[in-house]
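Source file: data-v8.tsv (TSV, C-alpha atoms)
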```
chain	number	residue	atom	x	y	z
A	255	MET	CA	-50.09	57.16	46.35
A	256	PRO	CA	-50.37	53.35	46.70
A	257	VAL	CA	-48.43	51.81	49.59
A	258	ALA	CA	-47.62	48.10	49.80
A	259	THR	CA	-45.44	45.89	51.99
A	260	SER	CA	-42.39	44.27	50.46
A	261	SER	CA	-38.89	43.39	51.65
A	262	PHE	CA	-35.23	44.31	51.21
A	263	ARG	CA	-32.78	41.48	51.82
A	264	GLY	CA	-35.33	39.76	54.03
A	265	HIS	CA	-36.33	42.83	56.08
A	266	PRO	CA	-39.86	44.26	55.74
A	267	VAL	CA	-40.13	47.58	53.92
A	268	HIS	CA	-42.91	49.74	52.54
A	269	MET	CA	-43.17	50.40	48.82
A	270	ARG	CA	-44.79	53.48	47.28
A	271	ASP	CA	-45.52	53.80	43.58
A	272	CYS	CA	-45.40	57.58	43.08
A	273	GLY	CA	-46.14	57.48	39.36
A	274	ARG	CA	-44.86	60.55	37.52
A	275	MET	CA	-43.61	63.34	39.73
A	276	GLY	CA	-41.39	66.41	39.42
A	277	TYR	CA	-37.92	66.19	40.92
A	278	ALA	CA	-38.48	68.88	43.58
A	279	ASP	CA	-41.64	67.19	44.86
A	280	ALA	CA	-39.91	63.81	44.95
A	281	LEU	CA	-36.99	65.27	46.89
A	282	THR	CA	-39.38	66.78	49.43
A	283	LEU	CA	-41.05	63.39	49.82
A	284	GLN	CA	-37.68	61.66	50.25
A	285	ARG	CA	-36.71	64.05	53.02
A	286	GLU	CA	-40.01	63.55	54.83
A	287	VAL	CA	-39.76	59.77	54.64
A	288	HIS	CA	-36.11	59.96	55.78
A	289	ARG	CA	-37.20	61.98	58.83
A	290	GLN	CA	-39.86	59.39	59.64
A	291	VAL	CA	-37.43	56.47	59.38
A	292	VAL	CA	-34.88	58.17	61.64
A	293	GLN	CA	-37.54	59.10	64.21
A	294	SER	CA	-38.99	55.59	64.26
A	295	ARG	CA	-35.57	54.15	65.02
A	296	GLU	CA	-34.81	56.71	67.72
A	297	ARG	CA	-38.15	56.08	69.43
A	298	GLY	CA	-37.61	52.33	69.28
A	299	VAL	CA	-40.88	51.76	67.42
A	300	ALA	CA	-39.55	50.76	63.99
A	301	THR	CA	-41.05	47.52	62.69
A	302	ASP	CA	-39.57	47.79	59.20
A	303	ALA	CA	-36.36	48.92	57.51
A	304	GLY	CA	-37.91	51.89	55.71
A	305	THR	CA	-39.64	52.73	52.44
A	306	ILE	CA	-38.77	52.29	48.76
A	307	LEU	CA	-40.13	54.99	46.44
A	308	PHE	CA	-40.66	54.29	42.72
A	309	VAL	CA	-41.03	57.31	40.44
A	310	GLU	CA	-40.70	58.54	36.86
A	311	HIS	CA	-39.57	62.15	36.78
A	312	ASP	CA	-41.75	64.40	34.64
A	313	PRO	CA	-40.83	67.03	33.57
A	314	PRO	CA	-37.39	65.66	32.72
A	315	VAL	CA	-34.54	66.99	34.85
A	316	ILE	CA	-30.77	67.10	34.83
A	317	THR	CA	-29.36	66.77	38.34
A	318	ILE	CA	-25.88	68.03	39.19
A	319	THR	CA	-23.96	67.24	42.37
A	320	ARG	CA	-21.64	69.57	44.25
A	321	ARG	CA	-18.59	67.62	43.11
A	322	PRO	CA	-15.95	69.97	41.67
A	323	GLY	CA	-16.26	70.05	37.89
A	324	ALA	CA	-19.66	68.40	37.76
A	325	ALA	CA	-21.38	71.52	36.40
A	326	SER	CA	-18.96	71.58	33.46
A	327	HIS	CA	-20.46	68.28	32.27
A	328	LEU	CA	-23.69	70.06	31.34
A	329	LEU	CA	-23.26	70.55	27.58
A	330	ALA	CA	-26.58	72.17	26.64
A	331	SER	CA	-27.33	75.87	26.78
A	332	SER	CA	-30.12	77.28	28.92
A	333	ALA	CA	-32.04	78.05	25.72
A	334	GLU	CA	-31.78	74.46	24.52
A	335	LEU	CA	-32.92	73.10	27.87
A	336	ALA	CA	-35.87	75.49	27.94
A	337	ARG	CA	-36.86	74.49	24.41
A	338	ARG	CA	-36.89	70.85	25.43
A	339	GLY	CA	-38.68	71.50	28.73
A	340	ILE	CA	-35.83	70.11	30.82
A	341	GLU	CA	-35.21	71.39	34.34
A	342	VAL	CA	-31.82	71.60	36.06
A	343	ALA	CA	-31.46	70.92	39.79
A	344	GLU	CA	-28.60	70.72	42.26
A	345	THR	CA	-28.60	67.47	44.21
A	346	ASP	CA	-26.93	66.32	47.44
A	347	ARG	CA	-26.44	62.71	46.33
A	348	GLY	CA	-23.09	61.20	45.41
A	349	GLY	CA	-21.86	61.01	41.84
A	350	ASP	CA	-21.71	63.68	39.18
A	351	ILE	CA	-24.41	64.63	36.62
A	352	THR	CA	-27.29	62.63	35.21
A	353	TRP	CA	-30.65	62.91	33.45
A	354	HIS	CA	-34.03	61.70	34.70
A	355	GLY	CA	-37.26	61.60	32.75
A	356	PRO	CA	-40.22	59.58	31.49
A	357	GLY	CA	-39.37	56.01	30.57
A	358	GLN	CA	-36.73	55.77	33.28
A	359	GLN	CA	-37.57	53.85	36.45
A	360	VAL	CA	-36.10	55.80	39.34
A	361	VAL	CA	-35.93	54.04	42.70
A	362	TYR	CA	-35.33	55.87	45.97
A	363	PRO	CA	-34.80	53.41	48.85
A	364	ILE	CA	-35.07	55.26	52.17
A	365	LEU	CA	-33.62	52.51	54.33
A	366	ASP	CA	-32.04	52.15	57.76
A	367	LEU	CA	-28.63	50.59	57.14
A	368	GLN	CA	-28.25	49.84	60.86
A	369	ARG	CA	-31.39	47.74	60.82
A	370	LEU	CA	-30.27	46.04	57.60
A	371	GLY	CA	-26.79	45.40	59.00
A	372	LEU	CA	-25.14	46.92	55.92
A	373	ARG	CA	-22.21	49.23	55.37
A	374	ILE	CA	-22.41	51.75	52.52
A	375	HIS	CA	-20.23	49.72	50.16
A	376	GLU	CA	-22.32	46.59	50.78
A	377	TYR	CA	-25.51	48.56	50.21
A	378	MET	CA	-24.31	49.89	46.85
A	379	ARG	CA	-23.33	46.40	45.73
A	380	ALA	CA	-26.77	45.15	46.84
A	381	LEU	CA	-28.46	47.77	44.64
A	382	GLU	CA	-26.28	46.83	41.68
A	383	GLY	CA	-26.96	43.15	42.26
A	384	ALA	CA	-30.72	43.68	42.33
A	385	VAL	CA	-30.63	45.54	39.01
A	386	ILE	CA	-28.39	42.88	37.42
A	387	GLU	CA	-30.79	40.16	38.59
A	388	THR	CA	-33.81	42.08	37.30
A	389	LEU	CA	-32.26	42.67	33.89
A	390	GLY	CA	-31.29	39.01	33.71
A	391	SER	CA	-34.91	38.01	34.28
A	392	PHE	CA	-35.78	39.89	31.08
A	393	GLY	CA	-32.95	38.37	29.07
A	394	ILE	CA	-30.35	41.14	29.41
A	395	ARG	CA	-26.88	40.17	30.59
A	396	ALA	CA	-25.53	43.01	32.73
A	397	ALA	CA	-22.57	43.44	35.05
A	398	ARG	CA	-20.72	45.77	37.37
A	399	ASP	CA	-17.76	47.86	36.26
A	400	GLU	CA	-14.87	47.88	38.72
A	401	GLY	CA	-14.03	51.45	37.77
A	402	ALA	CA	-17.53	52.97	37.82
A	403	THR	CA	-20.62	52.65	40.00
A	404	GLY	CA	-23.80	51.48	38.28
A	405	VAL	CA	-24.84	48.66	35.98
A	406	TRP	CA	-23.44	48.13	32.51
A	407	VAL	CA	-24.11	46.03	29.42
A	408	HIS	CA	-21.72	45.08	26.63
A	409	PRO	CA	-23.84	44.15	23.57
A	410	ASP	CA	-21.12	45.14	21.10
A	411	PRO	CA	-17.66	43.68	21.83
A	412	GLU	CA	-16.15	46.32	19.54
A	413	ALA	CA	-17.57	49.20	21.61
A	414	PRO	CA	-17.23	50.31	25.24
A	415	ALA	CA	-19.70	48.94	27.77
A	416	ALA	CA	-22.86	51.05	27.96
A	417	LYS	CA	-24.49	52.20	31.18
A	418	ILE	CA	-28.07	51.08	31.60
A	419	CYS	CA	-28.50	52.04	35.26
A	420	ALA	CA	-26.98	55.01	37.08
A	421	MET	CA	-26.61	55.13	40.86
A	422	GLY	CA	-25.94	57.82	43.43
A	423	VAL	CA	-26.87	57.87	47.10
A	424	ARG	CA	-26.67	59.97	50.23
A	425	VAL	CA	-26.51	58.50	53.73
A	426	SER	CA	-27.45	60.63	56.73
A	427	ARG	CA	-27.69	59.15	60.25
A	428	TRP	CA	-27.28	55.75	58.58
A	429	VAL	CA	-30.50	56.15	56.58
A	430	THR	CA	-30.20	56.25	52.80
A	431	MET	CA	-31.62	58.66	50.23
A	432	HIS	CA	-31.57	58.85	46.42
A	433	GLY	CA	-30.71	55.56	44.73
A	434	LEU	CA	-30.84	54.30	41.15
A	435	ALA	CA	-32.21	55.15	37.71
A	436	LEU	CA	-32.84	52.24	35.33
A	437	ASN	CA	-33.31	53.13	31.66
A	438	VAL	CA	-36.37	51.21	30.50
A	439	ASP	CA	-37.65	53.25	27.55
A	440	PRO	CA	-36.42	56.86	27.89
A	441	ASP	CA	-35.50	59.34	25.18
A	442	LEU	CA	-31.82	58.43	24.95
A	443	SER	CA	-31.07	61.47	22.81
A	444	GLN	CA	-31.37	63.65	25.91
A	445	PHE	CA	-28.26	62.07	27.40
A	446	ALA	CA	-26.30	63.90	24.67
A	447	LEU	CA	-27.01	67.10	26.61
A	448	ILE	CA	-24.58	66.00	29.34
A	449	VAL	CA	-21.47	63.92	29.94
A	450	PRO	CA	-23.39	61.17	31.77
A	451	CYS	CA	-21.97	60.65	35.27
A	452	GLY	CA	-18.94	62.64	34.10
A	453	LEU	CA	-17.63	59.64	32.14
A	454	ALA	CA	-16.62	60.87	28.70
A	455	GLY	CA	-16.81	58.31	25.92
A	456	ARG	CA	-19.04	55.89	27.83
A	457	PRO	CA	-22.37	55.36	26.03
A	458	VAL	CA	-25.81	55.05	27.61
A	459	THR	CA	-28.40	52.47	26.61
A	460	SER	CA	-31.84	51.23	27.62
A	461	MET	CA	-33.92	48.08	27.85
A	462	ARG	CA	-35.84	49.28	24.78
A	463	ALA	CA	-32.63	49.64	22.76
A	464	LEU	CA	-31.65	46.07	23.66
A	465	LEU	CA	-35.03	44.29	23.61
A	466	GLY	CA	-37.14	46.23	21.12
A	467	ASP	CA	-40.74	44.99	21.18
A	468	ARG	CA	-39.91	42.58	24.01
A	469	THR	CA	-39.35	45.49	26.41
A	470	PRO	CA	-41.32	44.97	29.64
A	471	THR	CA	-43.74	47.53	31.00
A	472	MET	CA	-42.71	49.82	33.84
A	473	ALA	CA	-44.97	47.83	36.17
A	474	GLU	CA	-43.21	44.61	35.20
A	475	VAL	CA	-39.83	46.22	35.82
A	476	ARG	CA	-40.96	47.40	39.26
A	477	GLN	CA	-42.12	43.91	40.15
A	478	GLY	CA	-38.81	42.50	38.99
A	479	LEU	CA	-36.88	44.95	41.13
A	480	LEU	CA	-39.02	44.26	44.19
A	481	LYS	CA	-38.42	40.54	43.83
A	482	ALA	CA	-34.68	41.12	43.50
A	483	PHE	CA	-34.58	43.52	46.47
A	484	GLY	CA	-36.16	40.84	48.63
A	485	GLY	CA	-33.32	38.37	48.07
A	486	GLY	CA	-30.60	37.68	50.59
```
The structure given in the file should be rewritten as structure tokens.
Amino acid sequence: MPVATSSFRGHPVHMRDCGRMGYADALTLQREVHRQVVQSRERGVATDAGTILFVEHDPPVITITRRPGAASHLLASSAELARRGIEVAETDRGGDITWHGPGQQVVYPILDLQRLGLRIHEYMRALEGAVIETLGSFGIRAARDEGATGVWVHPDPEAPAAKICAMGVRVSRWVTMHGLALNVDPDLSQFALIVPCGLAGRPVTSMRALLGDRTPTMAEVRQGLLKAFGGG
């Protein structure tokens, strides 16, 4: 699992490219890294703000939070999910329900907000800003939505804005877990199996749907995100 040094808002961080990984294994890794970040701070030996994990989830998975009503936003039957090879997992992040799978760049920043000097709201806006900057570097105009967390695009003025990046985090002892999922080139049809993020009538899109043959590779997207994370 390659490890490199990068930065988040000017603070040094580690970056791990995990490649393709099942959701359960990735969650185990997140929890281990979270433990390490907390221990480093408590021992006074931390020299960085934490670690950013990059992963594509394979097999695909639908994650459901403990929010009341979230489970009702799963539209597919167990038989349909089994036929498609899609797992279902409960998650302790914020938000509602979402899908993860190949072609989607998932980013799990495990970062010490105390060291970064950020409150939770500021951190979420920083994540959104990094994704907006990254998409802009590839020619996609994206924006926040005041009524919904994540990053949105509005290619058709006659249609609702479409979500291109979902976000949901957990903060424990001021160290973050979970993060964001940017749709690069996923199978968008699988989002029809859920009410994405519990927002009925809000479409989902991807970089591939907007850029076609000009879609960057996953490696190029990761580099774009790392550059944007490093900004002030």
Excluding Asp439 (chain A) and residues on its chain fewer than 5 positions from it, collect all residues at most 10 Å away from it, counting all atoms listed in the file, and give them as a JSON list (two decimals) with C-alpha atoms, keeping the file's coordinate frame.
```
[["chain", "number", "residue", "atom", "x", "y", "z"],
["A", 355, "GLY", "CA", -37.26, 61.60, 32.75],
["A", 356, "PRO", "CA", -40.22, 59.58, 31.49],
["A", 357, "GLY", "CA", -39.37, 56.01, 30.57],
["A", 358, "GLN", "CA", -36.73, 55.77, 33.28],
["A", 359, "GLN", "CA", -37.57, 53.85, 36.45],
["A", 459, "THR", "CA", -28.40, 52.47, 26.61],
["A", 460, "SER", "CA", -31.84, 51.23, 27.62],
["A", 461, "MET", "CA", -33.92, 48.08, 27.85],
["A", 462, "ARG", "CA", -35.84, 49.28, 24.78],
["A", 463, "ALA", "CA", -32.63, 49.64, 22.76],
["A", 466, "GLY", "CA", -37.14, 46.23, 21.12],
["A", 469, "THR", "CA", -39.35, 45.49, 26.41],
["A", 470, "PRO", "CA", -41.32, 44.97, 29.64],
["A", 471, "THR", "CA", -43.74, 47.53, 31.00],
["A", 472, "MET", "CA", -42.71, 49.82, 33.84]]
```
Using the file's own x, y and z axes, what box holds all listed atoms of region 424-433 of chain A with 4 Å on each side, keeping edges along x, y and z, and what are its centre and edge lengths in Å to one decimal, as lines of an AutoDock Vina configuration file?
```
center_x = -29.1
center_y = 58.1
center_z = 52.5
size_x = 13.1
size_y = 13.1
size_z = 23.5
```
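Taking CA of Leu453 (chain A) as the reference point, CA of Trp353 (chain A) is found at 13.5 Å.
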Write out as a PDB file with C-alpha atoms, in the coordinates of the input the residues lying within 7 Å of region 360-376 of chain A, counting all atoms listed in the file and excluding same-chain residues fewer than 6 positions away.
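So around_17.pdb came out as:
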```
ATOM      1  CA  VAL A 287     -39.760  59.770  54.640  1.00  0.00           C
ATOM      2  CA  HIS A 288     -36.110  59.960  55.780  1.00  0.00           C
ATOM      3  CA  ALA A 303     -36.360  48.920  57.510  1.00  0.00           C
ATOM      4  CA  GLY A 304     -37.910  51.890  55.710  1.00  0.00           C
ATOM      5  CA  THR A 305     -39.640  52.730  52.440  1.00  0.00           C
ATOM      6  CA  ILE A 306     -38.770  52.290  48.760  1.00  0.00           C
ATOM      7  CA  LEU A 307     -40.130  54.990  46.440  1.00  0.00           C
ATOM      8  CA  PHE A 308     -40.660  54.290  42.720  1.00  0.00           C
ATOM      9  CA  VAL A 309     -41.030  57.310  40.440  1.00  0.00           C
ATOM     10  CA  GLU A 310     -40.700  58.540  36.860  1.00  0.00           C
ATOM     11  CA  TRP A 428     -27.280  55.750  58.580  1.00  0.00           C
ATOM     12  CA  VAL A 429     -30.500  56.150  56.580  1.00  0.00           C
ATOM     13  CA  THR A 430     -30.200  56.250  52.800  1.00  0.00           C
ATOM     14  CA  MET A 431     -31.620  58.660  50.230  1.00  0.00           C
ATOM     15  CA  HIS A 432     -31.570  58.850  46.420  1.00  0.00           C
ATOM     16  CA  GLY A 433     -30.710  55.560  44.730  1.00  0.00           C
ATOM     17  CA  LEU A 434     -30.840  54.300  41.150  1.00  0.00           C
ATOM     18  CA  ALA A 435     -32.210  55.150  37.710  1.00  0.00           C
ATOM     19  CA  LEU A 436     -32.840  52.240  35.330  1.00  0.00           C
TER      20      LEU A 436
END
```
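Going from CA of Pro409 (chain A) to CA of Leu389 (chain A) covers 13.4 Å.
In this model, the gap between CA of Ser331 (chain A) and CA of Gly273 (chain A) comes to 29.2 Å.
Counting all atoms listed in the file, the residue from A:Asp346, A:Asp441, A:Glu382, A:Asp399 that sits nearest to Arg424 (chain A) is A:Asp346.
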Can you list, as a count of residues only, every protein, DNA or RNA residue that comes within 7 Å of His265 (chain A) when you count only C-alpha atoms, leaving out same-chain residues fewer than 3 positions away?
4
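Among the candidate residues A:Phe392, A:Ala330, A:Leu281, A:Val385, the one lying nearest to Glu344 (chain A) is A:Leu281, with distances computed using all atoms listed in the file.
Using all atoms listed in the file, the nearest neighbour of Arg427 (chain A) within the list A:Ser391, A:Gly383, A:Arg289, A:Arg320 is A:Arg289.
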Spatial neighbours of Ala473 (chain A), max dist 10 Å, only C-alpha atoms, sep filter under 4 positions, as a list of chain:residue names
A:Asp271, A:Gln359, A:Gln477, A:Gly478, A:Leu479
Store the residues picked out above, limited to C-alpha atoms, as a PDB file, keeping the file's coordinate frame.
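Generated output (result-v5.pdb):
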```pdb
ATOM      1  CA  ASP A 271     -45.520  53.800  43.580  1.00  0.00           C
ATOM      2  CA  GLN A 359     -37.570  53.850  36.450  1.00  0.00           C
ATOM      3  CA  GLN A 477     -42.120  43.910  40.150  1.00  0.00           C
ATOM      4  CA  GLY A 478     -38.810  42.500  38.990  1.00  0.00           C
ATOM      5  CA  LEU A 479     -36.880  44.950  41.130  1.00  0.00           C
TER       6      LEU A 479
END
```
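Ranking A:Thr345, A:Thr282, A:Ser332, A:Ser326 by their shortest atom-to-atom distance to Ile448 (chain A), with all atoms listed in the file included, puts A:Ser326 first.
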